[in-house]
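Structure data (compact mmCIF, C-alpha atoms) from final_18.txt:
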# COMPACT_ATOMS: atom_id res chain seq x y z
CA MET A 349 183.72 8.98 110.40
CA THR A 350 185.93 6.18 109.28
CA PRO A 351 185.66 3.77 106.36
CA THR A 352 183.66 0.58 106.34
CA HIS A 353 184.12 0.30 102.60
CA SER A 354 187.41 0.07 100.68
CA PRO A 355 189.27 0.11 103.97
CA LEU A 356 192.74 1.23 102.94
CA PRO A 357 192.94 4.70 104.50
CA MET A 358 194.77 7.65 102.98
CA SER A 359 195.62 9.65 106.02
CA SER A 360 196.20 12.97 104.28
CA PHE A 361 194.62 12.26 100.88
CA LYS A 362 197.78 13.15 99.02
CA ARG A 363 196.98 13.35 95.31
CA THR A 364 194.94 10.16 95.30
CA ALA A 365 191.58 9.02 94.07
CA ALA A 366 191.74 6.06 96.41
CA GLY A 367 191.99 8.32 99.41
CA ALA A 368 188.91 10.19 98.34
CA LEU A 369 186.93 7.00 97.93
CA LEU A 370 187.68 5.89 101.45
CA LEU A 371 185.81 8.76 103.03
CA CYS A 372 182.72 7.94 101.02
CA ALA A 373 182.13 5.19 103.54
CA VAL A 374 181.90 7.20 106.73
CA GLY A 375 179.59 6.98 109.69
CA GLN A 376 178.77 3.28 109.54
CA SER A 377 177.74 2.95 113.19
CA ALA A 378 175.82 -0.03 114.47
CA LEU A 379 173.15 0.28 117.15
CA ALA A 380 174.31 -2.64 119.29
CA ALA A 381 176.42 -5.76 119.37
CA GLU A 382 175.21 -8.34 116.86
CA GLU A 383 176.35 -11.30 114.83
CA LYS A 384 177.85 -10.51 111.43
CA PRO A 385 179.83 -12.46 108.80
CA LEU A 386 183.52 -12.90 109.49
CA TRP A 387 184.14 -11.41 106.04
CA GLU A 388 182.21 -9.71 103.25
CA ALA A 389 183.41 -8.88 99.73
CA GLY A 390 182.13 -7.11 96.64
CA VAL A 391 182.89 -4.69 93.82
CA GLY A 392 181.60 -1.32 92.74
CA VAL A 393 182.28 1.95 90.95
CA ALA A 394 183.01 5.48 92.15
CA ALA A 395 183.21 8.96 90.64
CA VAL A 396 185.64 11.36 92.31
CA SER A 397 187.01 14.87 91.78
CA PHE A 398 190.11 16.04 93.66
CA PRO A 399 193.33 18.10 93.26
CA ALA A 400 196.50 16.54 91.86
CA TYR A 401 197.99 16.99 95.36
CA ARG A 402 197.21 19.16 98.39
CA GLY A 403 197.73 22.74 97.20
CA SER A 404 197.54 21.99 93.46
CA ASP A 405 195.34 24.15 91.20
CA GLN A 406 194.80 21.23 88.81
CA ARG A 407 191.98 18.75 89.33
CA HIS A 408 191.53 15.13 88.36
CA ASN A 409 188.14 13.56 87.68
CA PHE A 410 187.95 9.79 87.63
CA LEU A 411 185.49 6.94 87.27
CA LEU A 412 187.15 4.14 89.18
CA PRO A 413 186.54 0.59 90.41
CA SER A 414 185.60 0.57 94.08
CA PRO A 415 186.29 -2.70 95.94
CA TYR A 416 184.33 -3.65 99.04
CA PHE A 417 185.94 -5.78 101.72
CA VAL A 418 185.26 -6.23 105.44
CA TYR A 419 187.10 -8.63 107.75
CA ARG A 420 186.16 -8.95 111.43
CA GLY A 421 188.93 -11.08 112.90
CA GLU A 422 189.83 -11.15 116.58
CA PHE A 423 193.20 -9.46 115.94
CA LEU A 424 193.31 -8.37 112.29
CA LYS A 425 190.42 -6.21 111.10
CA ALA A 426 189.42 -4.46 107.87
CA ASP A 427 186.36 -2.29 108.44
CA ARG A 428 185.29 1.31 108.88
CA ASP A 429 188.55 2.03 110.75
CA GLY A 430 190.75 0.75 107.93
CA VAL A 431 193.07 -2.24 107.71
CA ARG A 432 194.63 -2.61 111.13
CA ALA A 433 195.87 -4.89 113.87
CA GLU A 434 194.27 -4.29 117.27
CA LEU A 435 197.12 -4.12 119.77
CA PHE A 436 195.00 -3.00 122.70
CA ASP A 437 191.26 -2.43 123.15
CA SER A 438 189.24 -1.20 126.10
CA ASP A 439 185.80 0.33 126.43
CA LEU A 440 187.05 3.88 125.80
CA ALA A 441 190.49 3.46 124.24
CA GLU A 442 191.82 1.44 121.32
CA LEU A 443 195.42 1.13 120.13
CA THR A 444 195.76 -0.13 116.58
CA PHE A 445 198.45 -0.53 113.93
CA SER A 446 197.31 0.88 110.61
CA VAL A 447 198.55 1.15 107.03
CA ALA A 448 197.95 3.73 104.28
CA LEU A 449 198.67 3.51 100.57
CA SER A 450 199.05 6.23 97.92
CA PRO A 451 199.53 5.74 94.14
CA PRO A 452 202.08 7.62 92.01
CA ALA A 453 201.60 10.96 90.25
CA SER A 454 203.42 11.91 87.03
CA SER A 455 204.97 15.39 86.93
CA ASP A 456 204.20 15.44 83.18
CA ASP A 457 200.54 15.87 84.14
CA ILE A 458 201.14 18.72 86.62
CA ARG A 459 202.16 22.04 85.01
CA VAL A 460 203.90 23.50 88.05
CA ARG A 461 206.00 20.31 88.49
CA SER A 462 207.00 20.06 84.83
CA GLY A 463 210.58 18.77 84.57
CA MET A 464 210.66 17.64 88.20
CA PRO A 465 210.83 14.01 89.37
CA ASP A 466 207.54 12.13 89.53
CA LEU A 467 205.88 11.57 92.89
CA LYS A 468 206.37 7.87 93.63
CA ALA A 469 203.74 5.53 94.99
CA ASN A 470 204.16 5.42 98.75
CA PHE A 471 202.85 3.72 101.85
CA GLU A 472 202.50 4.79 105.47
CA LEU A 473 202.37 2.63 108.57
CA GLY A 474 202.33 3.24 112.28
CA PRO A 475 200.27 3.23 115.49
CA GLN A 476 196.92 4.96 115.99
CA LEU A 477 195.26 5.64 119.33
CA ASN A 478 191.46 6.09 119.31
CA LEU A 479 189.85 7.68 122.37
CA THR A 480 186.06 7.69 122.83
CA LEU A 481 185.08 11.12 124.22
CA TRP A 482 181.29 10.65 124.18
CA ARG A 483 178.67 8.21 122.95
CA THR A 484 175.05 7.31 123.44
CA GLU A 485 174.10 4.15 125.31
CA ASN A 486 173.27 2.29 122.11
CA ARG A 487 176.44 3.65 120.41
CA ALA A 488 174.42 5.05 117.52
CA ARG A 489 176.20 8.37 118.05
CA GLN A 490 179.75 8.75 119.23
CA LEU A 491 182.59 11.27 119.27
CA LYS A 492 186.17 10.06 119.13
CA LEU A 493 189.62 11.60 119.13
CA LEU A 494 191.81 9.78 116.58
CA LEU A 495 195.59 10.06 116.98
CA PRO A 496 197.40 8.41 114.04
CA MET A 497 201.17 8.68 113.53
CA ARG A 498 202.70 7.04 110.48
CA ALA A 499 206.12 6.69 108.90
CA ALA A 500 206.05 7.07 105.10
CA PHE A 501 208.13 5.22 102.49
CA THR A 502 208.24 5.07 98.70
CA LEU A 503 206.74 1.90 97.23
CA GLU A 504 209.52 0.72 94.93
CA LYS A 505 212.39 -1.80 94.82
CA ASN A 506 214.80 0.51 96.66
CA SER A 507 212.33 2.07 99.07
CA ARG A 508 213.33 5.27 100.84
CA SER A 509 211.95 7.12 103.81
CA LEU A 510 209.54 10.02 103.26
CA GLY A 511 209.41 11.12 106.88
CA TRP A 512 206.48 11.19 109.29
CA VAL A 513 202.82 12.22 109.16
CA VAL A 514 200.58 13.04 112.16
CA HIS A 515 196.86 13.80 111.77
CA PRO A 516 194.93 14.21 115.05
CA LYS A 517 191.22 14.62 114.40
CA LEU A 518 187.81 14.68 115.98
CA ASN A 519 185.51 12.05 114.50
CA LEU A 520 181.71 12.21 114.95
CA ASP A 521 179.51 9.29 113.81
CA ILE A 522 175.71 9.58 113.73
CA GLY A 523 173.93 6.35 112.86
CA ASP A 524 170.32 7.27 113.61
CA LEU A 525 169.43 10.22 111.39
CA SER A 526 165.88 11.41 111.97
CA GLY A 527 163.65 10.70 108.98
CA LEU A 528 166.42 8.82 107.17
CA PRO A 529 166.40 5.24 108.48
CA ASP A 530 169.66 3.30 108.06
CA TRP A 531 171.53 6.33 106.70
CA ASN A 532 174.77 7.21 108.47
CA LEU A 533 176.40 10.62 108.78
CA GLY A 534 180.06 11.20 109.58
CA MET A 535 182.01 14.39 110.23
CA GLN A 536 185.71 14.79 110.79
CA LEU A 537 188.07 17.72 111.35
CA GLY A 538 191.63 18.22 112.43
CA PRO A 539 195.08 19.62 111.66
CA LEU A 540 197.81 17.81 109.74
CA PHE A 541 201.51 17.80 110.62
CA GLY A 542 204.54 16.47 108.81
CA ASP A 543 208.29 16.54 109.29
CA ARG A 544 210.76 18.33 107.02
CA LYS A 545 211.43 15.26 104.87
CA GLN A 546 207.71 14.68 104.25
CA HIS A 547 207.03 18.29 103.28
CA HIS A 548 210.14 18.67 101.14
CA TYR A 549 209.21 15.60 99.10
CA PHE A 550 205.93 17.19 98.01
CA TYR A 551 206.67 20.93 98.17
CA GLY A 552 210.45 21.38 98.02
CA VAL A 553 212.23 22.54 94.85
CA ASP A 554 215.89 21.56 94.61
CA ALA A 555 218.26 24.00 92.86
CA ALA A 556 218.61 21.63 89.89
CA TYR A 557 214.87 22.05 89.13
CA ALA A 558 214.55 25.77 89.82
CA THR A 559 213.33 28.05 87.03
CA ALA A 560 212.43 31.72 86.69
CA ASN A 561 208.85 30.90 87.69
CA ARG A 562 209.75 28.14 90.17
CA PRO A 563 212.51 29.31 92.52
CA ALA A 564 214.41 26.88 94.73
CA TYR A 565 212.56 26.16 97.95
CA ALA A 566 213.32 24.14 101.08
CA ALA A 567 210.19 23.08 102.98
CA GLY A 568 210.25 22.90 106.78
CA GLY A 569 208.42 20.54 109.07
CA GLY A 570 205.40 21.34 111.22
CA PHE A 571 201.81 22.41 110.60
CA ALA A 572 200.36 21.26 107.25
CA GLY A 573 196.90 22.84 107.25
CA MET A 574 193.40 21.85 108.31
CA GLN A 575 191.02 19.28 106.85
CA TYR A 576 187.23 19.03 107.19
CA VAL A 577 185.15 16.14 105.85
CA VAL A 578 181.47 15.22 105.83
CA GLY A 579 180.07 12.01 104.41
CA VAL A 580 176.90 9.94 104.23
CA SER A 581 176.39 6.25 103.55
CA LYS A 582 173.77 3.52 103.60
CA ARG A 583 174.12 -0.25 103.61
CA TYR A 584 171.39 -2.16 101.78
CA PRO A 585 171.10 -5.96 101.95
CA LYS A 586 173.08 -6.47 98.75
CA HIS A 587 174.76 -3.14 98.02
CA TRP A 588 176.25 -0.04 99.63
CA VAL A 589 176.12 3.64 98.60
CA GLY A 590 178.07 6.61 99.92
CA ALA A 591 179.22 10.17 99.20
CA PHE A 592 181.71 12.59 100.72
CA LEU A 593 182.73 16.25 100.58
CA ARG A 594 186.13 17.40 101.85
CA TYR A 595 187.50 20.92 102.36
CA ASP A 596 191.21 21.64 102.90
CA ASN A 597 192.77 24.92 104.04
CA LEU A 598 196.56 25.34 103.85
CA SER A 599 196.71 28.80 105.42
CA GLY A 600 199.57 28.90 107.91
CA ALA A 601 201.13 25.65 106.67
CA ARG A 602 204.93 25.58 106.88
CA PHE A 603 205.11 25.07 103.10
CA ALA A 604 202.34 27.55 102.17
CA ASP A 605 204.87 29.84 100.40
CA SER A 606 206.25 27.01 98.24
CA PRO A 607 206.04 27.73 94.47
CA LEU A 608 204.33 24.32 94.18
CA VAL A 609 201.38 25.50 96.30
CA ARG A 610 198.97 27.12 93.85
CA THR A 611 195.88 27.38 96.07
CA LYS A 612 195.35 27.30 99.83
CA ASN A 613 191.66 26.37 99.69
CA TYR A 614 190.04 23.56 97.75
CA VAL A 615 187.24 21.01 97.80
CA ALA A 616 187.23 17.33 96.89
CA ALA A 617 184.12 15.19 96.43
CA GLY A 618 182.99 11.74 95.41
CA VAL A 619 180.14 9.23 95.21
CA ALA A 620 180.32 5.44 95.12
CA VAL A 621 178.17 2.32 94.94
CA SER A 622 179.29 -1.25 95.62
CA TRP A 623 177.54 -4.58 95.25
CA ILE A 624 178.17 -7.19 97.94
CA LEU A 625 178.85 -10.47 96.17
CA GLY A 626 179.69 -12.85 98.98
CA GLU A 627 180.11 -13.36 102.70
CA SER A 628 181.38 -16.06 105.04
CA ALA A 629 179.08 -18.61 106.63
CA GLU A 630 180.96 -18.11 109.90
CA ARG A 631 179.46 -15.42 112.13
CA VAL A 632 181.20 -13.35 114.81
CA VAL A 633 179.81 -11.05 117.48
CA VAL A 634 180.78 -7.43 116.76
CA ASP A 635 180.05 -4.07 118.32
CA GLU A 636 180.84 -1.56 115.57

As structure tokens, what does this structure read like?
Amino acid sequence: MTPTHSPLPMSSFKRTAAGALLLCAVGQSALAAEEKPLWEAGVGVAAVSFPAYRGSDQRHNFLLPSPYFVYRGEFLKADRDGVRAELFDSDLAELTFSVALSPPASSDDIRVRSGMPDLKANFELGPQLNLTLWRTENRARQLKLLLPMRAAFTLEKNSRSLGWVVHPKLNLDIGDLSGLPDWNLGMQLGPLFGDRKQHHYFYGVDAAYATANRPAYAAGGGFAGMQYVVGVSKRYPKHWVGAFLRYDNLSGARFADSPLVRTKNYVAAGVAVSWILGESAERVVVDE
């Protein structure tokens, strides 16, 4: 259950609309190898609802532009698995290099963070190993174990490290739903982990920002909760539609007792439609 549409993945969906939109485009499995355009591009719109950050009790609802871009190069790819460079690929294992982006969040808009520094835009990059555990002969259904590990940095002139993020997950794609031709279903579940620096950036409270209702808190590294996602999508000749529903549970997370964690259970959702405006004349053989 990985994006074919808007392929800039948000590995942990930290406080972003863009991350939510990515999982709208899950389950885009092809039935067999075929010729497809080297690239496709388009634009669209999406409606999303999600928390300000994982553990926030405030929600954001947005109507946002939703770009569509697919690139099927021999080495560089932008498709349902995100923007990545294929470092190694076999029939059952794939090693890629992937990137994630996350926009900023103003503390003025988040009550519990009032008076604290804003959360800066950040990016993550690192290797991801994908292991195929099971699939049908025509590859219409397949189960994979995804093992991404990314280093995070602020996206600013003087960038600084935000630690590491690891998100192993089981990924099930079903591309032949009975009674729903050409619809794709994707399901994904797995734990999240982060180091001390990553967790302290989002959930730590330095003494200078402590108040009577927001005591100082130092977040430790380790388990960061569970995430479950289901999504559906369909590609028409000239447009694409998709929807997703995501549930997060922070019970047992190393930062669960942070004063910045206001809820340990929440749901995010979104729908999107994109119109495909152009494609390359060059065709390549793909097996997606």

(request) Have a look at atom CA of A:Val577 and atom CA of A:Val615 and let me know their distance in Å, one decimal. (result) 9.6 Å

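Note that atom CA of A:Gly570 and atom CA of A:Gly463 are 27.3 Å apart.
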
(request) Pick out the residues sitting within 8 Å of A:Ser455, and hand them over as a PyMOL selection string; count all atoms listed in the file, and ignore anything fewer than 3 positions along from it in its own chain. (result) chain A and resi 458-459+461-467

(request) Excluding A:Ala560 and residues on its chain fewer than 5 positions from it, collect all residues at most 12 Å away from it, counting all atoms listed in the file, and give them as a PyMOL selection string. (result) chain A and resi 460+555+607

Can I get the selected residues back with C-alpha atoms, as a compact mmCIF listing (two decimals), keeping the file's coordinate frame?
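File produced: again.txt:
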# COMPACT_ATOMS: atom_id res chain seq x y z
CA VAL A 460 203.90 23.50 88.05
CA ALA A 555 218.26 24.00 92.86
CA PRO A 607 206.04 27.73 94.47

(request) Starting from the point (186.7, -0.1, 90.1), work out which residues of protein, DNA or RNA have an atom no more than 6 Å away when counting all atoms listed in the file; state them as number ranges by chain. (result) A: 392-393, 412-414

(message) Which residue is closest to A:Asp439? Choose from A:Lys425, A:Lys468, A:Arg483, A:Arg407 and count only C-alpha atoms.
(response) A:Arg483

(message) List the spatial neighbours of A:Pro385 as a list of chain:residue names - criterion: any atom at most 6 Å away, all atoms listed in the file, same-chain residues fewer than 3 positions off excluded.
(response)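 The neighbour list is A:Ser628, A:Glu630, A:Arg631.
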
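Pairwise distance (atom CA of A:Ala469, atom CA of A:Arg420) equals 28.1 Å.
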
(request) Can you pull out every residue within 12 Å of A:Ala564, counting all atoms listed in the file, but drop anything in the same chain fewer than 2 positions away, and send it as number ranges by chain? (result) A: 464, 548, 551-562, 566-567, 605-608

Writer output for current selection, C-alpha atoms, as a PDB file, keeping the file's coordinate frame:
ATOM      1  CA  MET A 464     210.660  17.640  88.200  1.00  0.00           C
ATOM      2  CA  HIS A 548     210.140  18.670 101.140  1.00  0.00           C
ATOM      3  CA  TYR A 551     206.670  20.930  98.170  1.00  0.00           C
ATOM      4  CA  GLY A 552     210.450  21.380  98.020  1.00  0.00           C
ATOM      5  CA  VAL A 553     212.230  22.540  94.850  1.00  0.00           C
ATOM      6  CA  ASP A 554     215.890  21.560  94.610  1.00  0.00           C
ATOM      7  CA  ALA A 555     218.260  24.000  92.860  1.00  0.00           C
ATOM      8  CA  ALA A 556     218.610  21.630  89.890  1.00  0.00           C
ATOM      9  CA  TYR A 557     214.870  22.050  89.130  1.00  0.00           C
ATOM     10  CA  ALA A 558     214.550  25.770  89.820  1.00  0.00           C
ATOM     11  CA  THR A 559     213.330  28.050  87.030  1.00  0.00           C
ATOM     12  CA  ALA A 560     212.430  31.720  86.690  1.00  0.00           C
ATOM     13  CA  ASN A 561     208.850  30.900  87.690  1.00  0.00           C
ATOM     14  CA  ARG A 562     209.750  28.140  90.170  1.00  0.00           C
ATOM     15  CA  ALA A 566     213.320  24.140 101.080  1.00  0.00           C
ATOM     16  CA  ALA A 567     210.190  23.080 102.980  1.00  0.00           C
ATOM     17  CA  ASP A 605     204.870  29.840 100.400  1.00  0.00           C
ATOM     18  CA  SER A 606     206.250  27.010  98.240  1.00  0.00           C
ATOM     19  CA  PRO A 607     206.040  27.730  94.470  1.00  0.00           C
ATOM     20  CA  LEU A 608     204.330  24.320  94.180  1.00  0.00           C
TER      21      LEU A 608
END

(request) Please provide the set of residues having any atom within 10 Å of stretch 543-546 of chain A, restricted to only C-alpha atoms, with same-chain residues fewer than 3 positions apart removed, written as a PyMOL selection string. (result) chain A and resi 499-501+509-514+549-552+566-572+602-603

Could you write those residues out with C-alpha atoms, as a PDB file, keeping the file's coordinate frame?
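Final output, saved to selection07.pdb:
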ATOM      1  CA  ALA A 499     206.120   6.690 108.900  1.00  0.00           C
ATOM      2  CA  ALA A 500     206.050   7.070 105.100  1.00  0.00           C
ATOM      3  CA  PHE A 501     208.130   5.220 102.490  1.00  0.00           C
ATOM      4  CA  SER A 509     211.950   7.120 103.810  1.00  0.00           C
ATOM      5  CA  LEU A 510     209.540  10.020 103.260  1.00  0.00           C
ATOM      6  CA  GLY A 511     209.410  11.120 106.880  1.00  0.00           C
ATOM      7  CA  TRP A 512     206.480  11.190 109.290  1.00  0.00           C
ATOM      8  CA  VAL A 513     202.820  12.220 109.160  1.00  0.00           C
ATOM      9  CA  VAL A 514     200.580  13.040 112.160  1.00  0.00           C
ATOM     10  CA  TYR A 549     209.210  15.600  99.100  1.00  0.00           C
ATOM     11  CA  PHE A 550     205.930  17.190  98.010  1.00  0.00           C
ATOM     12  CA  TYR A 551     206.670  20.930  98.170  1.00  0.00           C
ATOM     13  CA  GLY A 552     210.450  21.380  98.020  1.00  0.00           C
ATOM     14  CA  ALA A 566     213.320  24.140 101.080  1.00  0.00           C
ATOM     15  CA  ALA A 567     210.190  23.080 102.980  1.00  0.00           C
ATOM     16  CA  GLY A 568     210.250  22.900 106.780  1.00  0.00           C
ATOM     17  CA  GLY A 569     208.420  20.540 109.070  1.00  0.00           C
ATOM     18  CA  GLY A 570     205.400  21.340 111.220  1.00  0.00           C
ATOM     19  CA  PHE A 571     201.810  22.410 110.600  1.00  0.00           C
ATOM     20  CA  ALA A 572     200.360  21.260 107.250  1.00  0.00           C
ATOM     21  CA  ARG A 602     204.930  25.580 106.880  1.00  0.00           C
ATOM     22  CA  PHE A 603     205.110  25.070 103.100  1.00  0.00           C
TER      23      PHE A 603
END

Padding of 8 Å on every side, edges along x, y and z, all listed atoms of stretch 622-636 of chain A included: what centre and edge lengths in Å, to one decimal, does that box have, as AutoDock Vina command-line options?
--center_x 179.5 --center_y -9.9 --center_z 106.8 --size_x 19.8 --size_y 33.4 --size_z 39.1

(message) Ranking A:Gly421, A:Trp482, A:Glu388, A:Pro529 by minimum distance to A:Val634 and counting only C-alpha atoms, which one comes first?
(response)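 The answer is A:Gly421, which sits nearest to A:Val634.
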
(request) Considering only C-alpha atoms, state which residue in the set A:Ala400, A:Leu473, A:Leu411, A:Met535 is at the smallest distance from A:Val621. (result)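 Looking only at the distances to A:Val621, the closest residue turns out to be A:Leu411.
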
(request) Go through A:Tyr401, A:Phe471, A:Phe541, A:Trp588 and flag the residue nearest A:Gly573, using all atoms listed in the file for the distances. (result)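 So, comparing all the options, the nearest one is A:Phe541.
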
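Nearest residue to A:Tyr416, choosing from A:Lys384, A:Lys586, A:His547, A:Arg402 and counting all atoms listed in the file: A:Lys586.
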
(request) Point out the residue among A:Gly523, A:Pro415, A:Gly538, A:Pro399 with the least atom-to-atom distance to A:Ala488, counting all atoms listed in the file. (result) A:Gly523

(message) Residues proximal to (197.0, 27.2, 92.8) were defined as those with any atom within 6 Å of that point in the file's coordinates, counting only C-alpha atoms. Which are they, as a PyMOL selection string?
(response) chain A and resi 404-405+609-611
